[in-house]
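Participant: This is the content of target11.txt (compact mmCIF, C-alpha atoms and all ligand atoms):
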```
# COMPACT_ATOMS: atom_id res chain seq x y z
CA MET D 1 -56.96 77.88 -7.09
CA ILE D 2 -56.00 79.24 -3.66
CA ARG D 3 -54.59 76.80 -1.12
CA GLU D 4 -53.51 76.76 2.50
CA PRO D 5 -50.63 74.32 3.17
CA LEU D 6 -51.86 71.79 5.72
CA ILE D 7 -50.00 69.36 7.98
CA PHE D 8 -51.68 66.05 8.80
CA ALA D 9 -51.03 65.30 12.48
CA ALA D 10 -51.16 61.52 12.54
CA THR D 11 -51.28 58.66 14.99
CA ALA D 12 -50.74 55.08 13.78
CA ASP D 13 -53.68 53.79 15.80
CA PHE D 14 -54.93 50.38 16.95
CA CYS D 15 -56.08 49.37 13.47
CA GLY D 16 -52.73 50.29 11.99
CA LYS D 17 -54.11 53.19 10.01
CA MET D 18 -52.87 56.73 10.15
CA LYS D 19 -55.61 58.70 11.87
CA GLY D 20 -55.59 62.35 12.73
CA LYS D 21 -56.47 65.87 11.70
CA ALA D 22 -54.92 68.51 9.50
CA PHE D 23 -54.04 72.06 10.53
CA PRO D 24 -52.50 75.03 8.69
CA ALA D 25 -48.72 74.64 8.60
CA ALA D 26 -48.45 78.28 9.69
CA GLN D 27 -49.93 77.29 13.07
CA LEU D 28 -47.24 74.73 13.86
CA ASP D 29 -45.66 76.67 16.76
CA LYS D 30 -49.03 76.86 18.48
CA ARG D 31 -50.06 73.28 17.70
CA VAL D 32 -46.93 71.66 19.14
CA VAL D 33 -47.97 73.17 22.47
CA SER D 34 -51.77 73.10 22.49
CA GLY D 35 -52.27 70.23 20.05
CA ILE D 36 -55.49 69.42 18.24
CA GLY D 37 -58.59 68.09 19.92
CA TRP D 38 -59.10 64.29 19.81
CA THR D 39 -61.78 61.98 21.11
CA PRO D 40 -60.94 58.88 23.20
CA THR D 41 -63.48 56.67 21.41
CA ASN D 42 -61.71 57.34 18.09
CA VAL D 43 -59.33 54.57 19.12
CA GLN D 44 -62.24 52.13 18.85
CA ILE D 45 -62.96 52.95 15.23
CA THR D 46 -61.98 49.70 13.56
CA CYS D 47 -60.43 49.34 10.11
CA PHE D 48 -63.98 48.90 8.82
CA ASP D 49 -65.12 52.16 10.48
CA ALA D 50 -67.53 50.31 12.79
CA ILE D 51 -67.00 51.54 16.34
CA ALA D 52 -66.11 48.78 18.77
CA GLU D 53 -67.37 48.78 22.33
CA SER D 54 -65.75 51.72 24.08
CA PRO D 55 -65.33 52.34 27.79
CA PHE D 56 -65.14 56.05 26.98
CA GLY D 57 -68.48 56.39 25.20
CA ALA D 58 -69.05 59.96 24.11
CA LEU D 59 -67.04 61.32 27.01
CA GLY D 60 -63.64 62.88 27.36
CA ASP D 61 -61.17 64.97 25.43
CA LEU D 62 -57.58 64.46 24.42
CA ALA D 63 -55.02 66.36 22.37
CA ILE D 64 -52.92 65.20 19.45
CA ILE D 65 -49.50 66.82 19.79
CA PRO D 66 -47.54 66.83 16.51
CA ASP D 67 -43.82 66.06 16.69
CA PRO D 68 -41.99 68.36 14.22
CA GLY D 69 -38.99 66.02 14.26
CA SER D 70 -41.08 63.39 12.50
CA GLU D 71 -42.29 65.57 9.66
CA ALA D 72 -42.36 64.03 6.18
CA VAL D 73 -43.01 66.47 3.35
CA VAL D 74 -43.14 65.17 -0.19
CA ASP D 75 -43.98 67.26 -3.21
CA PHE D 76 -44.35 64.76 -6.04
CA GLY D 77 -43.81 67.53 -8.58
CA ASP D 78 -46.90 66.56 -10.55
CA GLY D 79 -49.03 69.49 -9.43
CA SER D 80 -50.78 67.40 -6.79
CA VAL D 81 -51.01 68.60 -3.20
CA PRO D 82 -47.79 67.64 -1.36
CA GLU D 83 -47.98 65.03 1.39
CA ARG D 84 -47.24 66.67 4.74
CA ILE D 85 -47.39 64.13 7.55
CA MET D 86 -46.32 64.65 11.15
CA LEU D 87 -46.39 61.76 13.61
CA SER D 88 -48.04 62.81 16.84
CA ASP D 89 -48.56 61.75 20.43
CA ILE D 90 -51.94 61.64 22.10
CA ARG D 91 -51.95 63.34 25.47
CA THR D 92 -54.53 63.93 28.15
CA LEU D 93 -55.57 67.52 28.74
CA GLU D 94 -53.28 67.41 31.79
CA GLY D 95 -50.36 66.78 29.41
CA GLU D 96 -49.79 63.10 30.29
CA PRO D 97 -49.26 60.44 27.62
CA TRP D 98 -52.65 58.79 27.00
CA GLY D 99 -52.76 55.07 27.87
CA CYS D 100 -53.89 54.10 24.35
CA CYS D 101 -51.41 56.32 22.46
CA THR D 102 -49.40 53.84 20.40
CA ARG D 103 -46.42 56.18 20.02
CA SER D 104 -46.23 56.86 23.77
CA ILE D 105 -46.50 53.10 24.39
CA LEU D 106 -43.47 52.57 22.16
CA LYS D 107 -41.53 55.34 23.91
CA ALA D 108 -42.22 53.65 27.26
CA ALA D 109 -41.09 50.27 25.90
CA LEU D 110 -37.81 51.74 24.62
CA ALA D 111 -37.27 53.46 27.97
CA ARG D 112 -37.80 50.14 29.74
CA LEU D 113 -35.28 48.39 27.48
CA LYS D 114 -32.76 51.11 28.30
CA ALA D 115 -33.50 50.91 32.03
CA VAL D 116 -33.12 47.12 32.25
CA SER D 117 -30.12 46.75 29.95
CA GLY D 118 -28.67 50.11 28.95
CA LEU D 119 -29.48 49.13 25.35
CA THR D 120 -31.03 51.08 22.54
CA LEU D 121 -32.65 49.57 19.47
CA LYS D 122 -31.79 50.02 15.82
CA GLY D 123 -34.04 48.61 13.16
CA ALA D 124 -36.17 48.78 10.06
CA PHE D 125 -39.48 47.42 8.81
CA GLU D 126 -39.43 45.56 5.51
CA HIS D 127 -42.79 45.73 3.70
CA GLU D 128 -44.54 43.70 1.03
CA PHE D 129 -47.68 44.92 -0.72
CA GLN D 130 -49.64 44.37 -3.91
CA LEU D 131 -50.69 46.76 -6.64
CA VAL D 132 -54.34 46.06 -7.25
CA GLY D 133 -55.19 48.69 -9.82
CA SER D 134 -53.10 47.04 -12.51
CA ARG D 135 -52.63 43.49 -13.70
CA GLY D 136 -49.64 41.33 -12.83
CA GLU D 137 -48.41 38.68 -15.23
CA THR D 138 -47.27 35.12 -14.72
CA GLY D 139 -43.50 34.93 -14.93
CA TRP D 140 -42.85 38.20 -13.14
CA ALA D 141 -41.68 36.77 -9.78
CA TYR D 142 -38.42 38.62 -8.93
CA ALA D 143 -38.15 39.36 -12.66
CA LEU D 144 -36.87 42.43 -14.42
CA ALA D 145 -40.05 42.33 -16.52
CA GLY D 146 -42.16 42.68 -13.37
CA PHE D 147 -39.95 45.46 -12.09
CA ARG D 148 -39.97 47.26 -15.43
CA ALA D 149 -43.76 47.09 -15.60
CA GLN D 150 -43.81 49.27 -12.47
CA ALA D 151 -40.51 51.10 -12.93
CA ALA D 152 -42.18 54.53 -12.66
CA PHE D 153 -43.90 53.46 -9.45
CA CYS D 154 -40.63 52.07 -8.06
CA GLU D 155 -38.57 55.15 -8.92
CA THR D 156 -41.19 57.58 -7.60
CA THR D 157 -41.63 55.58 -4.39
CA MET D 158 -37.89 55.60 -3.74
CA ALA D 159 -37.69 59.33 -4.49
CA ALA D 160 -40.59 60.01 -2.12
CA LEU D 161 -38.91 58.02 0.66
CA LYS D 162 -35.68 59.95 0.17
CA VAL D 163 -37.38 63.35 0.13
CA ALA D 164 -39.23 62.35 3.32
CA GLY D 165 -35.88 61.80 5.03
CA LEU D 166 -35.98 57.99 5.06
CA LYS D 167 -33.22 55.79 3.64
CA PRO D 168 -34.42 54.01 0.50
CA ASP D 169 -32.61 50.69 0.25
CA THR D 170 -34.13 48.24 -2.27
CA ILE D 171 -37.37 47.78 -4.19
CA MET D 172 -38.35 44.75 -6.20
CA LYS D 173 -41.01 42.61 -7.75
CA GLU D 174 -41.77 40.02 -5.06
CA TYR D 175 -43.04 36.52 -5.64
CA GLY D 176 -46.82 37.07 -5.29
CA ASP D 177 -49.32 38.35 -7.83
CA ASN D 178 -48.37 41.97 -8.59
CA GLN D 179 -46.57 41.94 -5.24
CA TYR D 180 -43.69 44.34 -4.58
CA GLU D 181 -41.36 44.82 -1.65
CA VAL D 182 -39.54 47.88 -0.40
CA THR D 183 -36.80 48.08 2.21
CA ILE D 184 -35.26 51.07 3.96
CA GLY D 185 -32.12 51.56 6.00
CA PRO D 186 -32.20 51.26 9.78
CA GLU D 187 -33.26 54.03 12.16
CA ASP D 188 -32.98 54.40 15.92
CA GLY D 189 -35.69 53.72 18.49
CA LEU D 190 -38.95 55.59 17.95
CA LYS D 191 -37.99 56.52 14.40
CA ILE D 192 -38.04 52.83 13.36
CA ALA D 193 -41.83 52.79 13.72
CA ASP D 194 -42.34 56.39 12.53
CA ALA D 195 -40.49 55.47 9.33
CA ALA D 196 -42.65 52.37 8.80
CA ALA D 197 -45.84 54.38 9.21
CA VAL D 198 -44.67 57.06 6.79
CA LEU D 199 -43.40 54.48 4.28
CA ARG D 200 -46.80 52.77 4.02
CA GLU D 201 -48.45 56.10 3.31
CA LEU D 202 -45.88 57.14 0.73
CA VAL D 203 -46.27 53.84 -1.09
CA ARG D 204 -50.04 54.37 -1.14
CA ALA D 205 -49.63 58.01 -2.12
CA THR D 206 -47.31 57.12 -4.99
CA ALA D 207 -49.59 54.40 -6.33
CA LEU D 208 -52.61 56.70 -6.20
CA ARG D 209 -50.80 59.44 -8.07
CA LEU D 210 -49.97 56.92 -10.79
CA GLY D 211 -53.58 55.79 -11.06
CA ASP D 212 -53.00 52.52 -9.19
CA ARG D 213 -53.72 51.33 -5.67
CA ALA D 214 -51.39 49.60 -3.22
CA THR D 215 -52.79 47.20 -0.67
CA PHE D 216 -50.88 46.03 2.40
CA THR D 217 -53.57 43.49 3.30
CA PRO D 218 -51.98 40.54 5.14
CA ILE D 219 -53.07 38.15 2.40
CA ARG D 220 -55.18 38.56 -0.72
CA ASP D 221 -55.57 35.04 -1.93
CA PRO D 222 -55.14 31.99 0.33
CA LYS D 223 -53.77 30.10 -2.66
CA GLY D 224 -50.85 32.54 -2.81
CA VAL D 225 -48.36 34.13 -0.45
CA GLY D 226 -49.09 36.89 2.00
CA ASN D 227 -47.87 40.46 2.37
CA GLY D 228 -45.41 40.22 5.21
CA VAL D 229 -43.94 42.88 7.43
CA HIS D 230 -40.55 41.81 8.71
CA ILE D 231 -39.19 43.83 11.61
CA HIS D 232 -35.39 43.91 11.64
CA MET D 233 -33.70 44.67 14.94
CA SER D 234 -30.24 45.04 16.39
CA LEU D 235 -29.01 46.22 19.78
CA LEU D 236 -26.63 49.05 20.65
CA ASP D 237 -24.95 49.70 23.98
CA ALA D 238 -25.06 53.05 25.80
CA SER D 239 -22.19 54.41 23.71
CA GLY D 240 -23.86 53.40 20.45
CA HIS D 241 -21.72 50.33 19.75
CA PRO D 242 -23.45 47.29 18.25
CA VAL D 243 -23.72 44.42 20.75
CA THR D 244 -26.00 42.03 18.86
CA TRP D 245 -23.23 39.77 17.59
CA ASP D 246 -20.73 37.63 19.47
CA ALA D 247 -18.46 35.36 17.44
CA GLU D 248 -18.47 32.85 20.29
CA GLY D 249 -22.25 32.89 20.85
CA PRO D 250 -24.71 30.35 19.38
CA SER D 251 -25.20 31.25 15.70
CA GLY D 252 -23.40 34.50 16.52
CA MET D 253 -25.87 35.73 19.12
CA SER D 254 -24.54 37.75 22.03
CA ARG D 255 -25.88 36.88 25.48
CA LEU D 256 -28.21 39.90 25.40
CA THR D 257 -29.45 39.03 21.91
CA GLY D 258 -30.20 35.46 22.99
CA SER D 259 -32.23 36.65 25.98
CA PHE D 260 -34.03 39.32 23.93
CA ILE D 261 -35.08 36.78 21.29
CA ALA D 262 -36.00 34.21 23.95
CA GLY D 263 -38.38 36.79 25.47
CA ILE D 264 -40.01 37.32 22.08
CA LEU D 265 -40.45 33.60 21.45
CA ARG D 266 -41.76 32.88 24.93
CA HIS D 267 -44.49 35.48 24.47
CA ALA D 268 -44.98 34.94 20.72
CA PRO D 269 -48.59 33.66 20.95
CA ALA D 270 -49.62 36.84 22.80
CA LEU D 271 -47.49 39.07 20.55
CA VAL D 272 -49.34 37.91 17.45
CA ALA D 273 -52.47 39.68 18.78
CA LEU D 274 -50.53 42.93 18.37
CA THR D 275 -48.26 42.21 15.41
CA ALA D 276 -50.53 40.29 13.01
CA PRO D 277 -53.92 41.36 14.27
CA SER D 278 -56.46 40.96 11.48
CA ALA D 279 -59.07 38.26 10.98
CA ILE D 280 -57.08 36.97 7.98
CA SER D 281 -53.55 37.26 9.42
CA GLY D 282 -53.64 33.60 10.50
CA ILE D 283 -54.01 32.46 6.89
CA ARG D 284 -50.59 33.94 6.15
CA LEU D 285 -49.00 32.50 9.29
CA THR D 286 -49.12 28.91 8.04
CA PRO D 287 -46.27 26.62 6.95
CA HIS D 288 -44.76 26.85 3.47
CA ARG D 289 -45.63 30.46 2.81
CA TRP D 290 -42.21 31.76 3.86
CA SER D 291 -43.84 33.67 6.69
CA ALA D 292 -43.82 32.23 10.25
CA ALA D 293 -45.87 29.44 11.76
CA PHE D 294 -44.11 28.31 14.95
CA ASN D 295 -42.52 30.25 17.81
CA ASN D 296 -39.05 29.31 16.61
CA LEU D 297 -35.72 30.96 15.97
CA GLY D 298 -34.18 30.13 12.61
CA PHE D 299 -30.73 30.83 11.29
CA ARG D 300 -31.27 32.21 7.78
CA ASP D 301 -34.59 30.32 7.77
CA ARG D 302 -37.48 32.12 6.03
CA GLU D 303 -40.13 30.23 7.95
CA ALA D 304 -39.09 31.20 11.45
CA THR D 305 -40.86 33.69 13.71
CA VAL D 306 -37.45 35.18 14.41
CA ARG D 307 -34.76 34.76 11.78
CA ILE D 308 -31.09 35.58 12.15
CA CYS D 309 -30.40 37.44 8.91
CA PRO D 310 -27.41 36.87 6.68
CA VAL D 311 -24.39 39.14 7.01
CA ALA D 312 -20.88 38.57 5.84
CA GLY D 313 -17.56 40.31 6.09
CA ASP D 314 -14.87 41.05 8.63
CA VAL D 315 -15.40 41.45 12.36
CA ALA D 316 -16.44 45.10 12.03
CA ALA D 317 -18.95 44.27 9.28
CA MET D 318 -20.41 41.39 11.28
CA ALA D 319 -20.75 43.49 14.42
CA LYS D 320 -22.43 46.31 12.52
CA GLY D 321 -24.63 44.26 10.19
CA TYR D 322 -25.70 41.32 12.36
CA ASN D 323 -29.43 41.57 12.95
CA PHE D 324 -32.50 39.45 13.45
CA GLU D 325 -36.00 39.88 12.06
CA TYR D 326 -39.43 39.16 13.48
CA ARG D 327 -41.58 37.77 10.66
CA ALA D 328 -44.98 37.20 12.27
CA ALA D 329 -46.08 40.76 11.56
CA ASP D 330 -48.29 42.40 8.98
CA ALA D 331 -49.51 45.86 8.13
CA ALA D 332 -52.83 45.48 9.94
CA ALA D 333 -50.73 46.25 13.01
CA SER D 334 -49.76 49.70 14.15
CA PRO D 335 -45.98 49.73 13.66
CA HIS D 336 -45.65 51.49 17.00
CA LEU D 337 -47.67 48.89 18.89
CA ALA D 338 -45.99 45.97 17.14
CA LEU D 339 -42.53 47.29 17.91
CA ALA D 340 -43.48 48.18 21.49
CA ALA D 341 -44.68 44.62 22.08
CA LEU D 342 -41.43 43.18 20.68
CA VAL D 343 -39.27 45.54 22.73
CA HIS D 344 -41.16 44.70 25.92
CA ALA D 345 -40.87 40.97 25.23
CA GLY D 346 -37.15 41.39 24.56
CA ALA D 347 -36.64 43.48 27.70
CA GLN D 348 -38.54 40.82 29.63
CA GLY D 349 -36.18 38.16 28.31
CA ILE D 350 -33.16 40.24 29.32
CA GLU D 351 -34.62 40.98 32.75
CA GLU D 352 -35.20 37.27 33.34
CA GLU D 353 -31.79 36.39 31.83
CA LEU D 354 -33.43 33.81 29.58
CA PRO D 355 -30.99 31.47 27.82
CA PRO D 356 -30.71 31.73 24.03
CA PRO D 357 -33.37 29.73 22.19
CA GLU D 358 -32.52 26.60 20.23
CA VAL D 359 -31.86 27.46 16.59
CA THR D 360 -34.04 25.27 14.37
CA ALA D 361 -32.99 24.15 10.92
CA GLU D 362 -35.76 21.89 9.69
CA ASP D 363 -39.35 21.91 8.47
CA LEU D 364 -41.19 22.05 11.78
CA SER D 365 -44.53 21.29 10.13
CA LEU D 366 -43.32 17.71 9.64
CA LEU D 367 -42.79 17.12 13.35
CA ASP D 368 -45.29 15.59 15.71
CA PRO D 369 -46.84 18.14 18.14
CA SER D 370 -45.49 16.09 21.07
CA VAL D 371 -41.95 16.36 19.67
CA LEU D 372 -42.45 20.09 19.18
CA ALA D 373 -43.82 20.50 22.70
CA ALA D 374 -40.84 18.65 24.18
CA ARG D 375 -38.61 21.23 22.47
CA GLY D 376 -40.71 24.14 23.73
CA LEU D 377 -42.10 24.86 20.28
CA GLN D 378 -45.71 25.55 19.41
CA ARG D 379 -47.81 26.73 16.50
CA LEU D 380 -48.60 30.42 16.49
CA PRO D 381 -52.30 31.17 17.12
CA ALA D 382 -54.30 29.98 14.14
CA ASP D 383 -56.60 32.99 13.97
CA LEU D 384 -57.41 36.32 15.58
CA PRO D 385 -59.71 34.95 18.31
CA ALA D 386 -56.93 32.51 19.35
CA ALA D 387 -54.34 35.31 19.32
CA LEU D 388 -56.58 37.57 21.42
CA GLU D 389 -57.10 34.70 23.84
CA ALA D 390 -53.34 34.19 24.08
CA PHE D 391 -52.82 37.88 24.85
CA ALA D 392 -55.63 37.90 27.41
CA ALA D 393 -54.13 34.79 29.02
CA ASP D 394 -50.60 36.23 29.27
CA PRO D 395 -50.59 38.48 32.36
CA VAL D 396 -46.92 39.36 31.84
CA ALA D 397 -47.60 40.67 28.33
CA ARG D 398 -50.73 42.52 29.41
CA GLY D 399 -48.73 44.11 32.22
CA TRP D 400 -46.29 45.73 29.76
CA PHE D 401 -48.95 48.22 28.75
CA PRO D 402 -50.76 51.06 30.51
CA MET D 403 -53.60 49.93 32.75
CA GLU D 404 -56.57 50.42 30.44
CA PHE D 405 -54.79 49.23 27.29
CA ALA D 406 -55.51 45.48 27.20
CA GLU D 407 -59.23 45.86 27.84
CA VAL D 408 -59.64 48.57 25.20
CA TYR D 409 -57.49 46.78 22.63
CA LEU D 410 -59.29 43.46 23.05
CA ALA D 411 -62.65 45.22 22.69
CA HIS D 412 -61.39 46.95 19.53
CA LYS D 413 -60.41 43.67 17.94
CA LYS D 414 -63.67 42.01 18.94
CA GLY D 415 -65.47 44.90 17.26
CA GLU D 416 -63.44 44.29 14.12
CA LEU D 417 -64.46 40.61 14.15
CA ALA D 418 -68.10 41.56 14.75
CA ALA D 419 -68.05 43.79 11.69
CA LEU D 420 -67.25 40.68 9.62
CA LEU D 421 -70.07 38.49 10.90
CA GLY D 422 -72.14 36.98 8.10
CA LYS D 423 -69.48 37.60 5.44
CA SER D 424 -68.06 34.75 3.36
CA PRO D 425 -64.30 34.02 3.42
CA ASP D 426 -63.92 35.73 0.04
CA GLU D 427 -65.84 38.78 1.19
CA ILE D 428 -63.60 39.02 4.26
CA LEU D 429 -60.45 38.84 2.15
CA ALA D 430 -61.86 41.51 -0.16
CA ALA D 431 -62.80 43.71 2.79
CA TYR D 432 -59.23 43.69 4.14
CA CYS D 433 -57.80 44.21 0.67
CA SER D 434 -59.86 47.33 0.31
CA VAL D 435 -59.15 48.89 3.74
CA TYR D 436 -55.40 48.27 3.86
N1 LIG K 501 -44.27 36.85 1.62
C1 LIG K 501 -43.62 36.28 2.77
C2 LIG K 501 -44.36 36.70 4.05
O1 LIG K 501 -45.51 36.71 4.03
C3 LIG K 501 -42.16 36.67 2.86
C4 LIG K 501 -41.29 36.26 1.72
C5 LIG K 501 -39.85 36.70 1.95
O2 LIG K 501 -39.10 36.00 2.64
O3 LIG K 501 -39.53 37.81 1.54
O4 LIG K 501 -43.80 37.03 5.06
MG MG K 502 -40.07 39.53 0.81
```
Before we go any further, please render this structure as structure tokens.
Facilitator:
Amino acid sequence: MIREPLIFAATADFCGKMKGKAFPAAQLDKRVVSGIGWTPTNVQITCFDAIAESPFGALGDLAIIPDPGSEAVVDFGDGSVPERIMLSDIRTLEGEPWGCCTRSILKAALARLKAVSGLTLKGAFEHEFQLVGSRGETGWAYALAGFRAQAAFCETTMAALKVAGLKPDTIMKEYGDNQYEVTIGPEDGLKIADAAAVLRELVRATALRLGDRATFTPIRDPKGVGNGVHIHMSLLDASGHPVTWDAEGPSGMSRLTGSFIAGILRHAPALVALTAPSAISGIRLTPHRWSAAFNNLGFRDREATVRICPVAGDVAAMAKGYNFEYRAADAAASPHLALAALVHAGAQGIEEELPPPEVTAEDLSLLDPSVLAARGLQRLPADLPAALEAFAADPVARGWFPMEFAEVYLAHKKGELAALLGKSPDEILAAYCSVY
């Protein structure tokens, strides 16, 4: 059969899905200049394909401009069509970044961090997902048996990540029902989110080619654990030296790290609207699921919104490896938007020279709300409407984004909620499982 190699120019849009159009690879030189036509209202197509209220209506034109530096090409060697994905920016026809382009929003956030502190960001997204086309067995949690059952999937996934230019790190059978986790090595700045977006697609692509299906839904069964996305971050100075760690700082945090994390925790309720933005995300963000439930900083604590991760070794190893992770994220979020929100919150904390947060080391769910409040701690929003309200009520957080962003984003999410009206809790869980 004849074939024309195609590149999929993709944007990780508001609903966290890769959206875009394909063009012949032979046209790349032309497309990086002129782009591919795109419609503003596309950003209001929710994960359920229902179109949320759009201020753009049927009007306007934009261009998707592919970024050749982000290309991921994977030929699985099984005769199937290779994956050819290129992350792209959405620009106006005048060549300006579009206010709802998630990748441009992240670029602006990283530029702000650099402007206020001279810092750049290094990081990686850690992903959990479930294989729903095959059956998991009891007794497989973290077990070799569970790994072996999907060894072909694991090896092919890691090969695909490597061929795509990412840094495969670990893959394992996680705790949940047929749940797996994959980690990759850190990247710099924009590439942190590009890598996350490509990784999700390569996991899905691998599962499909093996006759299975991977879902990154935030949670499948409220009786079990969720599929978390943990965003690992560390800070580098202008000459590329790590400045996250300070042996003298509280729990090893440098002054800048403390302020960065304090900014995240101060704005955590608003951030959740962008980092864990589905109607079921709140089910995962509850105590005793090893996710995150309060706006706290934990030292090696798996139930903290921000956790200082374990590293060991000499001074050089500590300086290089010391990092913290944001755990109140899931794959319903665009990785670019989620990271942009965290970077802005961190930059805000640095700008305001916020003191380092208290490091908690207890089960916060056992404390009285008044005790929590006295310590500046609060529950994360319980559901999407509460998270959207928190974002709408945080003028500082809204102000981090281009002018039209907050209004359009909030309308998008309301459209997503509207598409679920009349469905039972089980139907809602099933709907998310099928679209992510
Ligand atoms: N599944 C947990 C979550 O939803 C994370 C478990 C872990 O610490 O890896 O975030
Ligand atoms: Mg995990």
Participant: Name each residue within 7 Å of ligand LIG 501 (chain K), counting all atoms listed in the file, as a ChimeraX atom specification.
Facilitator: /D:128,225-230,284,289-291,302,327
Participant: Can I get the residues of region 272-322 of chain D within 10 Å of region 425-432 of chain D, each with the closest pair of atoms and their distance in Å to one decimal, using all atoms listed in the file, sorted chain first then ascending number, as JSON lines?
Facilitator:
```
{"residue": "D:Ser278", "atom": "CA", "partner": "D:Tyr432", "partner_atom": "CA", "distance": 8.3}
{"residue": "D:Ala279", "atom": "CA", "partner": "D:Ile428", "partner_atom": "CA", "distance": 8.1}
{"residue": "D:Ile280", "atom": "CA", "partner": "D:Leu429", "partner_atom": "CA", "distance": 7.0}
```
Participant: Would you list the contacts of region 39-41 of chain D as JSON, numbers by chain, taking every protein, DNA or RNA residue within 8 Å and counting all atoms listed in the file, but skipping same-chain residues closer than 6 positions in sequence?
Facilitator: {"D": [54, 55, 56, 57, 58, 59, 60, 61, 62]}
Participant: Give the answer as one residue: which of D:Val73, D:Cys15, D:Met172, D:Ala262 has the shortest atom-to-atom distance to ligand MG 502 (chain K), using all atoms listed in the file?
Facilitator: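 Once distances to ligand MG 502 (chain K) are computed over all atoms listed in the file, the minimum belongs to D:Met172.
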Participant: Between CA of Ile45 (chain D) and CA of Gly123 (chain D), what distance in Å does the model show, to one decimal?
Facilitator: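 If I compute the distance from CA of Ile45 (chain D) to CA of Gly123 (chain D), I get 29.3 Å.
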Participant: For ligand MG 502 (chain K), which of D:Leu236, D:Val435, D:Leu354, D:Val182 is the closest residue, counting all atoms listed in the file?
Facilitator: D:Val182
Participant: Would you mind telling me which residue in D:Leu113, D:Val74, D:Gly176, D:Ala63 lies nearest to Glu96 (chain D) when using all atoms listed in the file?
Facilitator: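 Among the listed residues, the smallest separation from Glu96 (chain D) belongs to D:Ala63.
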Participant: Show me, as JSON, the centre and edge lengths in Å to one decimal of the axis-aligned box that covers every listed atom of region 299-315 of chain D with 3 Å on each side.
Facilitator:
```
{"center_x": -27.9, "center_y": 35.8, "center_z": 10.1, "size_x": 32.0, "size_y": 17.2, "size_z": 14.6}
```
Participant: From the options D:Arg91, D:Lys19, D:Arg200, D:Lys173, which residue's atoms come nearest to Ala160 (chain D), counting only C-alpha atoms?
Facilitator: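 Comparing D:Arg91, D:Lys19, D:Arg200, D:Lys173 against Ala160 (chain D), the winner is D:Arg200.
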